[in-house]
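Structure file upload-v2.csv (CSV, C-alpha atoms) follows.
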```csv
chain,number,residue,atom,x,y,z
A,3,MET,CA,7.9,-20.8,-26.4
A,4,THR,CA,8.6,-17.5,-28.1
A,5,GLU,CA,9.8,-16.4,-31.5
A,6,ASN,CA,13.0,-15.2,-29.9
A,7,GLN,CA,14.1,-18.6,-28.6
A,8,PRO,CA,17.2,-20.1,-30.3
A,9,ARG,CA,16.8,-22.6,-33.0
A,10,ALA,CA,19.0,-25.3,-34.4
A,11,LEU,CA,19.6,-23.5,-37.8
A,12,ASP,CA,19.7,-19.9,-36.6
A,13,GLY,CA,22.3,-18.1,-38.7
A,14,VAL,CA,22.2,-20.5,-41.6
A,15,ARG,CA,21.2,-18.8,-44.9
A,16,VAL,CA,19.6,-20.8,-47.7
A,17,LEU,CA,19.1,-19.6,-51.3
A,18,ALA,CA,16.2,-21.6,-52.7
A,19,LEU,CA,16.1,-21.9,-56.5
A,20,GLU,CA,12.9,-24.0,-56.2
A,21,VAL,CA,9.6,-24.7,-57.8
A,22,SER,CA,6.7,-27.0,-57.2
A,23,VAL,CA,6.9,-29.5,-54.3
A,24,SER,CA,10.3,-31.3,-53.7
A,25,GLY,CA,12.5,-28.2,-53.3
A,26,PRO,CA,10.0,-26.1,-51.4
A,27,HIS,CA,9.3,-29.0,-49.0
A,28,CYS,CA,13.0,-29.4,-48.2
A,29,SER,CA,13.5,-25.7,-47.6
A,30,ARG,CA,10.4,-25.5,-45.5
A,31,ILE,CA,11.9,-28.1,-43.1
A,32,LEU,CA,15.1,-25.9,-42.9
A,33,GLY,CA,13.1,-22.7,-42.4
A,34,ASP,CA,11.0,-24.3,-39.7
A,35,MET,CA,14.1,-25.0,-37.7
A,36,GLY,CA,15.5,-21.4,-38.0
A,37,ALA,CA,17.3,-21.1,-41.3
A,38,GLU,CA,16.8,-17.9,-43.3
A,39,VAL,CA,15.3,-19.2,-46.6
A,40,ILE,CA,15.4,-16.8,-49.5
A,41,LYS,CA,13.1,-18.1,-52.2
A,42,ILE,CA,13.8,-16.8,-55.7
A,43,GLU,CA,10.5,-16.3,-57.6
A,44,LYS,CA,9.6,-15.0,-61.1
A,45,PRO,CA,8.3,-11.5,-61.0
A,46,GLY,CA,4.6,-11.3,-61.7
A,47,THR,CA,3.8,-15.0,-61.4
A,48,GLY,CA,6.1,-16.5,-58.8
A,49,ASP,CA,6.5,-20.2,-58.1
A,50,LEU,CA,4.2,-22.1,-60.4
A,51,ILE,CA,2.5,-23.7,-57.3
A,52,ARG,CA,1.0,-20.3,-56.5
A,53,GLY,CA,-1.4,-20.9,-59.4
A,54,TRP,CA,-2.5,-24.4,-58.6
A,55,ASP,CA,-5.7,-23.3,-56.9
A,56,SER,CA,-7.1,-20.4,-54.7
A,57,VAL,CA,-8.8,-22.4,-52.0
A,58,VAL,CA,-7.1,-20.6,-49.1
A,59,ARG,CA,-9.0,-17.4,-49.3
A,60,GLY,CA,-7.4,-16.7,-52.7
A,61,LEU,CA,-4.0,-18.4,-51.9
A,62,SER,CA,-2.9,-21.7,-53.3
A,63,SER,CA,-3.2,-24.6,-50.9
A,64,GLY,CA,0.1,-26.0,-52.1
A,65,PHE,CA,1.9,-22.7,-51.6
A,66,VAL,CA,0.5,-22.3,-48.1
A,67,TRP,CA,1.6,-25.9,-47.3
A,68,LEU,CA,5.1,-25.6,-48.5
A,69,ASN,CA,6.3,-22.0,-48.2
A,70,GLY,CA,5.9,-20.7,-44.7
A,71,ASN,CA,9.0,-19.3,-43.0
A,72,LYS,CA,10.6,-18.0,-46.2
A,73,ARG,CA,11.4,-14.7,-47.7
A,74,SER,CA,10.2,-14.0,-51.3
A,75,PHE,CA,12.8,-12.4,-53.6
A,76,ALA,CA,11.1,-11.7,-57.0
A,77,VAL,CA,13.8,-11.2,-59.5
A,78,ASP,CA,14.2,-12.0,-63.2
A,79,ILE,CA,17.4,-14.2,-63.2
A,80,LYS,CA,17.3,-14.4,-67.0
A,81,LYS,CA,18.3,-10.7,-67.2
A,82,PRO,CA,21.9,-9.8,-66.5
A,83,ALA,CA,21.2,-7.4,-63.7
A,84,GLY,CA,18.9,-9.9,-62.0
A,85,LEU,CA,21.4,-12.6,-62.3
A,86,ALA,CA,24.1,-10.3,-60.9
A,87,ALA,CA,22.0,-9.7,-57.8
A,88,VAL,CA,21.4,-13.4,-57.2
A,89,ARG,CA,25.1,-14.2,-57.7
A,90,ARG,CA,25.9,-11.5,-55.1
A,91,LEU,CA,23.5,-13.2,-52.8
A,92,ALA,CA,25.0,-16.6,-53.5
A,93,GLU,CA,28.4,-15.3,-52.1
A,94,ARG,CA,26.7,-14.7,-48.8
A,95,VAL,CA,24.7,-17.8,-48.1
A,96,ASP,CA,25.6,-21.2,-46.6
A,97,VAL,CA,23.4,-23.4,-48.8
A,98,ILE,CA,22.0,-23.3,-52.3
A,99,LEU,CA,19.1,-25.6,-53.0
A,100,GLU,CA,17.9,-26.0,-56.6
A,101,ASN,CA,15.4,-28.4,-58.0
A,102,PHE,CA,15.5,-27.4,-61.7
A,103,ALA,CA,16.0,-30.1,-64.4
A,104,PRO,CA,19.7,-31.1,-64.6
A,105,GLY,CA,21.8,-28.5,-66.5
A,106,VAL,CA,19.3,-25.6,-66.2
A,107,ALA,CA,21.1,-23.9,-63.3
A,108,ASP,CA,24.3,-24.1,-65.2
A,109,ARG,CA,22.7,-22.5,-68.3
A,110,LEU,CA,21.3,-19.8,-66.1
A,111,GLY,CA,24.7,-19.0,-64.7
A,112,LEU,CA,23.9,-20.4,-61.3
A,113,GLY,CA,25.6,-23.7,-61.5
A,114,ALA,CA,27.5,-25.4,-58.7
A,115,ALA,CA,31.0,-25.0,-60.2
A,116,GLU,CA,30.6,-21.3,-60.8
A,117,LEU,CA,29.0,-20.4,-57.5
A,118,ARG,CA,31.3,-22.6,-55.4
A,119,ALA,CA,34.3,-21.0,-57.0
A,120,ARG,CA,33.1,-17.7,-55.5
A,121,ASN,CA,32.2,-19.3,-52.2
A,122,PRO,CA,34.2,-22.4,-51.2
A,123,ARG,CA,32.2,-22.9,-48.0
A,124,LEU,CA,29.0,-23.1,-50.1
A,125,ILE,CA,26.9,-26.3,-49.8
A,126,TYR,CA,25.1,-26.8,-53.1
A,127,CYS,CA,22.2,-29.3,-53.2
A,128,SER,CA,20.7,-30.3,-56.5
A,129,LEU,CA,17.4,-32.2,-56.3
A,130,SER,CA,16.1,-33.7,-59.5
A,131,GLY,CA,14.1,-36.5,-61.0
A,132,TYR,CA,16.8,-39.0,-61.8
A,133,GLY,CA,20.1,-37.3,-60.7
A,134,GLN,CA,22.8,-35.3,-62.3
A,135,ASP,CA,24.1,-38.2,-64.5
A,136,GLY,CA,23.1,-41.5,-66.0
A,137,PRO,CA,21.0,-42.4,-69.0
A,138,TYR,CA,17.8,-41.0,-67.4
A,139,ARG,CA,19.4,-37.7,-66.4
A,140,ASP,CA,17.3,-35.6,-68.9
A,141,VAL,CA,14.0,-37.6,-68.6
A,142,LYS,CA,11.2,-35.4,-67.4
A,143,ALA,CA,10.1,-36.3,-63.9
A,144,TYR,CA,6.8,-36.0,-62.1
A,145,ASP,CA,5.7,-37.8,-58.9
A,146,LEU,CA,3.3,-40.2,-60.8
A,147,LEU,CA,6.0,-41.1,-63.3
A,148,ILE,CA,8.6,-41.7,-60.7
A,149,GLN,CA,6.2,-43.9,-58.7
A,150,GLY,CA,5.8,-46.0,-61.7
A,151,GLU,CA,9.5,-46.2,-62.7
A,152,ALA,CA,10.7,-46.9,-59.2
A,153,GLY,CA,8.2,-49.8,-58.6
A,154,ILE,CA,6.0,-48.0,-56.0
A,155,ILE,CA,2.9,-48.5,-58.2
A,156,ALA,CA,3.7,-52.2,-58.6
A,157,THR,CA,3.1,-52.7,-54.9
A,158,THR,CA,0.0,-50.5,-54.6
A,159,GLY,CA,-3.6,-51.0,-55.5
A,160,TYR,CA,-5.7,-54.2,-56.0
A,161,PRO,CA,-4.9,-57.3,-58.0
A,162,ASP,CA,-7.0,-56.2,-61.0
A,163,LYS,CA,-5.9,-52.5,-60.9
A,164,PRO,CA,-2.8,-50.6,-59.7
A,165,ALA,CA,-3.0,-47.3,-57.9
A,166,LYS,CA,-0.5,-44.6,-57.1
A,167,VAL,CA,0.1,-43.4,-53.5
A,168,GLY,CA,-2.3,-40.5,-52.9
A,169,LEU,CA,0.4,-38.0,-51.8
A,170,PRO,CA,3.4,-37.0,-53.9
A,171,ILE,CA,5.5,-39.5,-52.0
A,172,THR,CA,8.6,-39.3,-54.3
A,173,ASP,CA,8.7,-35.5,-54.0
A,174,LEU,CA,8.4,-35.9,-50.2
A,175,ALA,CA,11.0,-38.7,-49.9
A,176,SER,CA,13.6,-36.9,-52.0
A,177,SER,CA,13.0,-33.6,-50.2
A,178,MET,CA,13.6,-35.2,-46.8
A,179,TYR,CA,16.8,-36.9,-48.0
A,180,ALA,CA,17.9,-33.5,-49.4
A,181,ALA,CA,17.2,-31.9,-46.0
A,182,VAL,CA,19.2,-34.6,-44.2
A,183,GLY,CA,22.0,-34.2,-46.8
A,184,ILE,CA,22.2,-30.5,-46.2
A,185,LEU,CA,22.3,-31.0,-42.4
A,186,LEU,CA,25.1,-33.6,-42.8
A,187,ALA,CA,27.1,-31.2,-45.1
A,188,LEU,CA,26.7,-28.4,-42.6
A,189,TYR,CA,28.0,-30.6,-39.8
A,190,GLN,CA,30.9,-31.8,-41.9
A,191,ARG,CA,31.7,-28.2,-42.8
A,192,GLU,CA,32.2,-27.4,-39.1
A,193,ARG,CA,35.1,-29.8,-39.1
A,194,THR,CA,36.6,-29.2,-42.6
A,195,GLY,CA,35.7,-25.6,-43.4
A,196,HIS,CA,34.6,-26.6,-46.8
A,197,GLY,CA,31.2,-27.0,-48.5
A,198,GLN,CA,30.3,-29.8,-50.9
A,199,LEU,CA,27.9,-30.9,-53.6
A,200,ILE,CA,24.8,-32.9,-52.8
A,201,ASP,CA,23.0,-34.8,-55.6
A,202,ILE,CA,19.5,-36.1,-54.6
A,203,SER,CA,17.1,-37.8,-57.0
A,204,MET,CA,13.4,-38.6,-56.7
A,205,PHE,CA,14.0,-41.9,-58.3
A,206,GLU,CA,16.8,-43.1,-56.0
A,207,SER,CA,14.8,-41.9,-53.0
A,208,ALA,CA,11.8,-44.0,-54.0
A,209,VAL,CA,14.0,-47.0,-54.8
A,210,ALA,CA,15.6,-46.7,-51.3
A,211,TRP,CA,12.0,-46.9,-49.9
A,212,LEU,CA,11.2,-50.2,-51.5
A,213,GLY,CA,12.0,-51.9,-48.2
A,214,TYR,CA,11.8,-55.7,-48.1
A,215,PHE,CA,10.6,-56.1,-51.7
A,216,PRO,CA,14.1,-56.3,-53.2
A,217,GLN,CA,15.1,-59.0,-50.7
A,218,HIS,CA,12.1,-61.1,-51.7
A,219,TYR,CA,13.1,-60.7,-55.3
A,220,TRP,CA,16.8,-61.5,-54.9
A,221,HIS,CA,16.3,-64.4,-52.6
A,222,GLY,CA,12.9,-65.8,-53.6
A,223,GLY,CA,12.5,-64.6,-57.2
A,224,GLU,CA,9.3,-63.0,-56.1
A,225,GLU,CA,7.6,-59.9,-57.6
A,226,PRO,CA,5.1,-58.4,-55.2
A,227,VAL,CA,1.5,-58.8,-55.9
A,228,ARG,CA,-1.0,-56.0,-55.2
A,229,VAL,CA,-2.9,-56.7,-52.0
A,230,GLY,CA,-5.1,-53.6,-51.7
A,231,MET,CA,-5.2,-52.5,-48.1
A,232,ARG,CA,-3.5,-55.6,-46.7
A,233,HIS,CA,0.1,-56.3,-45.9
A,234,HIS,CA,2.2,-58.2,-48.4
A,235,TYR,CA,3.7,-60.6,-45.9
A,236,ILE,CA,1.7,-60.5,-42.7
A,237,VAL,CA,-1.8,-61.9,-42.4
A,238,PRO,CA,-4.1,-60.7,-41.0
A,239,TYR,CA,-3.1,-57.1,-41.3
A,240,GLY,CA,-5.1,-54.2,-42.5
A,241,PRO,CA,-8.6,-52.7,-42.4
A,242,TYR,CA,-11.7,-54.9,-42.2
A,243,LEU,CA,-15.2,-53.7,-42.8
A,244,ALA,CA,-17.5,-53.9,-39.8
A,245,ARG,CA,-21.3,-54.5,-39.9
A,246,ASP,CA,-22.1,-50.7,-39.7
A,247,GLY,CA,-19.9,-49.9,-42.7
A,248,VAL,CA,-16.8,-48.6,-40.8
A,249,TYR,CA,-13.4,-50.0,-41.3
A,250,VAL,CA,-11.3,-51.2,-38.4
A,251,SER,CA,-7.6,-51.6,-38.9
A,252,LEU,CA,-5.5,-54.2,-37.0
A,253,ALA,CA,-2.1,-55.9,-37.2
A,254,VAL,CA,-1.4,-59.5,-36.2
A,255,ALA,CA,2.4,-59.6,-36.4
A,256,THR,CA,3.5,-62.4,-34.1
A,257,THR,CA,2.5,-65.9,-33.1
A,258,GLU,CA,1.3,-64.6,-29.7
A,259,ASP,CA,-0.8,-61.9,-31.5
A,260,TRP,CA,-2.4,-64.6,-33.6
A,261,GLN,CA,-3.4,-66.6,-30.5
A,262,VAL,CA,-4.8,-63.5,-28.8
A,263,PHE,CA,-6.6,-62.5,-32.0
A,264,CYS,CA,-8.3,-65.9,-32.4
A,265,ARG,CA,-9.2,-66.3,-28.8
A,266,LYS,CA,-10.1,-62.8,-27.6
A,267,VAL,CA,-11.0,-60.8,-30.6
A,268,ILE,CA,-12.8,-62.9,-33.2
A,269,GLU,CA,-13.5,-65.7,-30.6
A,270,HIS,CA,-12.7,-68.5,-33.0
A,271,PRO,CA,-10.0,-70.5,-31.2
A,272,GLU,CA,-10.5,-73.5,-33.6
A,273,LEU,CA,-8.4,-71.5,-36.2
A,274,LEU,CA,-5.4,-72.1,-34.0
A,275,GLU,CA,-5.6,-75.8,-34.7
A,276,ASP,CA,-6.0,-75.4,-38.5
A,277,PRO,CA,-2.6,-76.4,-40.1
A,278,ARG,CA,-3.2,-73.9,-42.9
A,279,PHE,CA,-2.8,-71.0,-40.4
A,280,ARG,CA,-0.2,-72.2,-37.8
A,281,SER,CA,2.7,-70.0,-38.8
A,282,ALA,CA,3.1,-66.6,-40.5
A,283,PRO,CA,4.3,-68.3,-43.8
A,284,ASP,CA,1.3,-70.7,-43.6
A,285,ARG,CA,-1.2,-67.8,-43.2
A,286,ARG,CA,0.4,-66.0,-46.1
A,287,ARG,CA,0.3,-69.0,-48.4
A,288,ASN,CA,-3.4,-69.4,-47.5
A,289,ARG,CA,-4.2,-65.7,-47.5
A,290,ALA,CA,-7.3,-65.9,-49.7
A,291,VAL,CA,-9.2,-68.4,-47.6
A,292,LEU,CA,-8.2,-66.8,-44.3
A,293,GLU,CA,-9.0,-63.3,-45.4
A,294,GLU,CA,-12.5,-64.4,-46.6
A,295,MET,CA,-13.1,-66.0,-43.2
A,296,ILE,CA,-12.1,-62.9,-41.2
A,297,GLU,CA,-14.0,-60.5,-43.5
A,298,LYS,CA,-17.2,-62.5,-42.9
A,299,ILE,CA,-16.6,-62.5,-39.1
A,300,PHE,CA,-16.1,-58.8,-39.0
A,301,LEU,CA,-19.4,-58.2,-40.7
A,302,GLU,CA,-21.1,-59.8,-37.7
A,303,GLN,CA,-20.4,-56.8,-35.3
A,304,PRO,CA,-20.4,-53.0,-35.5
A,305,HIS,CA,-17.0,-51.3,-35.4
A,306,GLN,CA,-17.3,-50.1,-31.8
A,307,GLU,CA,-17.5,-53.7,-30.7
A,308,TRP,CA,-14.4,-54.7,-32.6
A,309,LEU,CA,-12.6,-51.6,-31.3
A,310,ARG,CA,-13.6,-52.6,-27.8
A,311,ARG,CA,-12.3,-56.2,-28.2
A,312,LEU,CA,-9.1,-55.0,-29.8
A,313,ARG,CA,-8.5,-52.5,-27.1
A,314,ASP,CA,-9.1,-55.1,-24.4
A,315,SER,CA,-6.8,-57.5,-26.1
A,316,GLU,CA,-4.1,-54.9,-26.4
A,317,LEU,CA,-3.5,-55.7,-30.1
A,318,PRO,CA,-2.4,-52.9,-32.4
A,319,HIS,CA,-5.5,-51.4,-34.0
A,320,GLY,CA,-7.0,-48.2,-35.3
A,321,LYS,CA,-9.7,-46.6,-37.6
A,322,LEU,CA,-9.6,-45.4,-41.2
A,323,ASN,CA,-10.2,-41.7,-40.7
A,324,GLY,CA,-11.2,-39.1,-43.2
A,325,ILE,CA,-9.3,-35.8,-43.4
A,326,GLY,CA,-11.9,-34.1,-41.2
A,327,GLU,CA,-11.6,-36.8,-38.6
A,328,VAL,CA,-7.8,-36.5,-38.6
A,329,LEU,CA,-7.9,-32.7,-38.2
A,330,ALA,CA,-10.2,-33.3,-35.2
A,331,HIS,CA,-8.2,-36.2,-33.8
A,332,PRO,CA,-7.7,-36.1,-30.1
A,333,GLN,CA,-3.9,-36.5,-30.6
A,334,VAL,CA,-3.8,-33.7,-33.1
A,335,ILE,CA,-5.6,-31.5,-30.6
A,336,ALA,CA,-3.5,-32.6,-27.6
A,337,ARG,CA,-0.2,-32.1,-29.4
A,338,LYS,CA,-1.3,-28.7,-30.9
A,339,MET,CA,-0.5,-29.9,-34.5
A,340,ILE,CA,-2.8,-27.2,-36.0
A,341,ARG,CA,-1.4,-23.7,-35.7
A,342,GLU,CA,-2.1,-20.4,-37.3
A,343,MET,CA,0.4,-18.8,-39.6
A,344,GLU,CA,0.4,-15.2,-40.9
A,345,SER,CA,-0.2,-14.8,-44.6
A,346,PRO,CA,-1.1,-12.1,-47.1
A,347,VAL,CA,-4.8,-12.8,-46.4
A,348,GLY,CA,-4.4,-12.9,-42.6
A,349,PRO,CA,-3.9,-15.8,-40.2
A,350,VAL,CA,-4.5,-19.3,-41.8
A,351,PRO,CA,-4.5,-22.7,-40.2
A,352,VAL,CA,-1.5,-24.9,-41.1
A,353,ILE,CA,-0.1,-28.2,-39.9
A,354,ALA,CA,2.8,-27.6,-37.6
A,355,SER,CA,6.2,-29.1,-38.0
A,356,PRO,CA,6.5,-32.6,-36.6
A,357,LEU,CA,10.1,-31.8,-35.5
A,358,ARG,CA,10.0,-31.5,-31.7
A,359,LEU,CA,13.4,-30.6,-30.3
A,360,SER,CA,13.5,-29.7,-26.6
A,361,ASP,CA,15.9,-26.8,-27.1
A,362,SER,CA,15.0,-25.8,-30.7
A,363,PRO,CA,11.3,-25.1,-31.1
A,364,ALA,CA,10.0,-25.1,-34.7
A,365,ARG,CA,9.4,-21.6,-36.0
A,366,LEU,CA,5.9,-20.4,-36.8
A,367,GLY,CA,6.5,-17.3,-39.0
A,368,SER,CA,4.6,-16.3,-42.1
A,369,ILE,CA,3.8,-17.2,-45.7
A,370,PRO,CA,5.2,-14.5,-48.0
A,371,ALA,CA,3.4,-12.5,-50.6
A,372,LEU,CA,5.1,-12.6,-54.0
A,373,GLY,CA,8.2,-10.4,-53.8
A,374,GLN,CA,7.4,-9.0,-50.4
A,375,ASP,CA,11.1,-9.1,-49.3
A,376,THR,CA,12.7,-8.1,-52.6
A,377,GLU,CA,13.6,-4.6,-51.7
A,378,ALA,CA,14.9,-5.5,-48.2
A,379,ILE,CA,17.1,-8.2,-49.6
A,380,LEU,CA,18.6,-5.9,-52.2
A,381,GLN,CA,19.3,-3.3,-49.5
A,382,GLU,CA,21.0,-6.0,-47.4
A,383,LEU,CA,23.2,-6.8,-50.5
A,384,GLY,CA,24.3,-3.1,-50.7
A,385,TYR,CA,22.0,-1.8,-53.4
A,386,GLY,CA,21.0,1.8,-53.0
A,387,ALA,CA,17.6,3.3,-53.6
A,388,ALA,CA,18.4,4.6,-57.1
A,389,GLU,CA,19.7,1.1,-58.1
A,390,ILE,CA,16.6,-0.5,-56.8
A,391,ASP,CA,14.4,2.0,-58.6
A,392,ALA,CA,16.4,1.2,-61.8
A,393,LEU,CA,15.8,-2.5,-61.4
A,394,ARG,CA,12.1,-1.9,-60.9
A,395,SER,CA,11.9,0.4,-64.0
A,396,ASP,CA,13.6,-2.3,-66.1
A,397,HIS,CA,11.1,-4.9,-64.8
A,398,ILE,CA,13.9,-7.0,-63.3
A,399,ILE,CA,12.2,-7.0,-59.9
```
Structure translated into structure tokens:
Amino acid sequence: MTENQPRALDGVRVLALEVSVSGPHCSRILGDMGAEVIKIEKPGTGDLIRGWDSVVRGLSSGFVWLNGNKRSFAVDIKKPAGLAAVRRLAERVDVILENFAPGVADRLGLGAAELRARNPRLIYCSLSGYGQDGPYRDVKAYDLLIQGEAGIIATTGYPDKPAKVGLPITDLASSMYAAVGILLALYQRERTGHGQLIDISMFESAVAWLGYFPQHYWHGGEEPVRVGMRHHYIVPYGPYLARDGVYVSLAVATTEDWQVFCRKVIEHPELLEDPRFRSAPDRRRNRAVLEEMIEKIFLEQPHQEWLRRLRDSELPHGKLNGIGEVLAHPQVIARKMIREMESPVGPVPVIASPLRLSDSPARLGSIPALGQDTEAILQELGYGAAEIDALRSDHII
């Protein structure tokens, strides 16, 4: 695998008007697969995520995570000359991705209608909290707030206390839908010759991930209860604490699994005759008493013994790993998921793209310093040395 190998999105140019997490995560996916991503940043400070921390030898952990394989174009788009440069660039790209609040891009002079009039093949993707219309259009959106509004928090945590998902899941869900939408629009453009608008919201992306909960509400009138680390509808399922203080996770999803679990794992075949636990709905109805039984049984043996029994029984199982254990995981090592990427402070470890295409290897380029590509991009747009010097003197770049 070399940097010169062809990639799926080679030749696709993306102009990223992005900040924080959702937009940058989307464009990172595109950049990993070969797209040229040009990230517009504010001169002097850049994307606000650059200032979140400095743990990566002075660089922000969030910026390192989200902004590899991009070019940084530091330009003040609030000044006419800066705006003119970005508009000129917009005429030469395939995709514009913006994750400003609805209406901001229009007010800046970089809205879809104006830019698509100049470039009919342009695919314009807007990624926002609640979408480009509707009564919540202008409501401020952060991951925590969307997790609450979209019902994610209602399903997470313990009966006496809710909890949010630890990762910014609504940012990540919406960014992945945005990436899929952009790829679909590029594919359709091959047949029609025309670009189109894409409207992705964090809220709708989270609602789309509610899974089976809406079905239980529509057909059973049931609001989900919070079940901690357990499954809402399958029992037993989840991590159980072993005698030595280590959690062991397991899933008993079928009637056959339940029989194997009782006979070979916990060695309590009498539970198979208990009418309270015969079927999956029975076990769910009697969750409290069954969970208490299993928790007591698991405290009788150390985790390695439970892992041995689960492995021998061929039931699905695993451990609750900390981040350090994950990074040293045998599968992470075998699949070479940790790579080094160049950065302004030298090579830094990063998690590699999970996209594995046999004929389109993910790119492993570099993390840009603020504005490192500004002059090169302006030259590509036809700006001469004197014009670039003038932009610099006027603090536009």
Point to revise | Closest of A:Gly373, A:Gly326, A:Gly384, A:Gly113 to Asp78 of chain A - atom-to-atom distances counting only C-alpha atoms | key: A:Gly373
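Across the structure, atom CA of Val23 of chain A and atom CA of Arg89 of chain A are spaced 24.0 Å apart.
Counting only C-alpha atoms, the residue from A:His218, A:Gln134, A:Ser177, A:Asp34 that sits nearest to Asp12 of chain A is A:Asp34.
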Exercise for review: Tell me, as a ChimeraX atom specification, which residues lie within 9 Å of segment 305-320 of chain A, counting all atoms listed in the file; anything in the same chain fewer than 2 positions away does not count.
Suggested key: /A:240-241,243-254,259,262-263,266-268,300,303,322
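Each of A:Met295, A:Val167, A:Leu380, A:Val58 was checked against Val352 of chain A using only C-alpha atoms; the smallest atom-to-atom distance is that of A:Val58.
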Exercise for review: Please indicate the distance in Å from atom CA of Pro283 of chain A to atom CA of Glu224 of chain A, rounded to one decimal place.
Suggested key: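 According to the coordinates, atom CA of Pro283 of chain A and atom CA of Glu224 of chain A are separated by 14.3 Å.
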Exercise for review: Rank nothing, just name the residue among A:Gly60, A:Leu146, A:Val291, A:Leu112 nearest to Ala87 of chain A, using only C-alpha atoms.
Suggested key: A:Leu112
Exercise for review: Provide the atom CA of Gly25 of chain A to atom CA of Ala180 of chain A distance in Å, to one decimal place.
Suggested key: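 About the pair atom CA of Gly25 of chain A and atom CA of Ala180 of chain A: they are 8.5 Å apart.
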Check your understanding: Which polymer residues have any atom within 12 Å of an atom of Arg358 of chain A, counting all atoms listed in the file, with same-chain residues fewer than 4 positions away left out, as a list in words?
Key ->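 Here the qualifying residues turn out to be Arg9, Ala10, Asp34, Met35, Arg337, Lys338, Met339, Ala354, Ser362, Pro363, Ala364 and Arg365 of chain A.
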Please write the residues from the selection above to a file, keeping C-alpha atoms, as a short mmCIF file (atom, residue, chain, number, x, y, z; two decimals), in the frame of the given file.
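File written: out_17.cif
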```cif
data_model
loop_
_atom_site.label_atom_id
_atom_site.label_comp_id
_atom_site.auth_asym_id
_atom_site.auth_seq_id
_atom_site.Cartn_x
_atom_site.Cartn_y
_atom_site.Cartn_z
CA ARG A 9 16.80 -22.60 -33.00
CA ALA A 10 19.00 -25.30 -34.40
CA ASP A 34 11.00 -24.30 -39.70
CA MET A 35 14.10 -25.00 -37.70
CA ARG A 337 -0.20 -32.10 -29.40
CA LYS A 338 -1.30 -28.70 -30.90
CA MET A 339 -0.50 -29.90 -34.50
CA ALA A 354 2.80 -27.60 -37.60
CA SER A 362 15.00 -25.80 -30.70
CA PRO A 363 11.30 -25.10 -31.10
CA ALA A 364 10.00 -25.10 -34.70
CA ARG A 365 9.40 -21.60 -36.00
#
```
Find the spatial neighbours of Gly105 of chain A, counting all atoms listed in the file, within a cut-off of 12 Å - ignore same-chain residues fewer than 4 positions away - and output them as a CSV table (one decimal) with C-alpha atoms, in the frame of the given file.
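The file below, around33.csv, is the result:
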```
chain,number,residue,atom,x,y,z
A,100,GLU,CA,17.9,-26.0,-56.6
A,101,ASN,CA,15.4,-28.4,-58.0
A,109,ARG,CA,22.7,-22.5,-68.3
A,110,LEU,CA,21.3,-19.8,-66.1
A,111,GLY,CA,24.7,-19.0,-64.7
A,112,LEU,CA,23.9,-20.4,-61.3
A,113,GLY,CA,25.6,-23.7,-61.5
A,114,ALA,CA,27.5,-25.4,-58.7
A,115,ALA,CA,31.0,-25.0,-60.2
A,128,SER,CA,20.7,-30.3,-56.5
A,129,LEU,CA,17.4,-32.2,-56.3
A,130,SER,CA,16.1,-33.7,-59.5
A,133,GLY,CA,20.1,-37.3,-60.7
A,134,GLN,CA,22.8,-35.3,-62.3
A,135,ASP,CA,24.1,-38.2,-64.5
A,139,ARG,CA,19.4,-37.7,-66.4
A,140,ASP,CA,17.3,-35.6,-68.9
```
Starting from the structure just given, write a file holding segment 114-127 of chain A with C-alpha atoms, as a tab-separated table (two decimals), in the first residue's frame.
```tsv
chain	number	residue	atom	x	y	z
A	114	ALA	CA	-26.55	27.23	-1.50
A	115	ALA	CA	-28.67	29.25	-3.93
A	116	GLU	CA	-25.94	31.76	-4.69
A	117	LEU	CA	-23.11	29.24	-5.04
A	118	ARG	CA	-25.11	26.68	-7.02
A	119	ALA	CA	-26.12	29.41	-9.45
A	120	ARG	CA	-22.41	29.81	-10.20
A	121	ASN	CA	-21.76	26.05	-10.26
A	122	PRO	CA	-24.78	23.88	-11.23
A	123	ARG	CA	-22.81	20.66	-10.66
A	124	LEU	CA	-22.19	21.67	-7.06
A	125	ILE	CA	-23.37	19.36	-4.28
A	126	TYR	CA	-24.18	21.50	-1.26
A	127	CYS	CA	-24.57	19.75	2.09
```
